[in-house]
Amino acid sequence: VTYLLLLISHIVLAGVSLPLILFALISGWTNRFTAHRRLVKWVFPMWLYVAVTGPICYLMLKPYY
């Protein structure tokens with residue numbers, strides 16, 4: 001149960017965060033720093049969660065292979 005909750009939240013947030021990361025990148029690249037800061041306040045914690053839960057999901061699944 002824990003693995004599935006972790007995996008589902010990881011997959012959903014990875015799908016949601018990718019376009020937001022691209023929007024944040026574009027707004028920073030085009031010198032719209034207020035929009036960039038507003039996006040990054042939400043995108044960075046999502047990205048960090050996805051980056052941490054990916055290896056955790058892998059390590060939880062590894063004993064089955």
# chains A, B, ... in the order shown; residues from 1 in each chain; ligands from 1
$ residues_around --residues "segment 1-14 of chain A" --least-positions-apart "5" --cutoff "8 Å" --atoms "only C-alpha atoms" --output "ChimeraX atom specification"
/A:46-47,49-50,53-54,57,60
$ atom_distance --atom1 "atom CA of Leu20 of chain A" --atom2 "atom CA of Lys41 of chain A"
11.0 Å
$ atom_distance --atom1 "atom CA of Asn31 of chain A" --atom2 "atom CA of Leu18 of chain A"
20.2 Å
$ atom_distance --atom1 "atom CA of Ile21 of chain A" --atom2 "atom CA of Leu39 of chain A"
8.3 Å
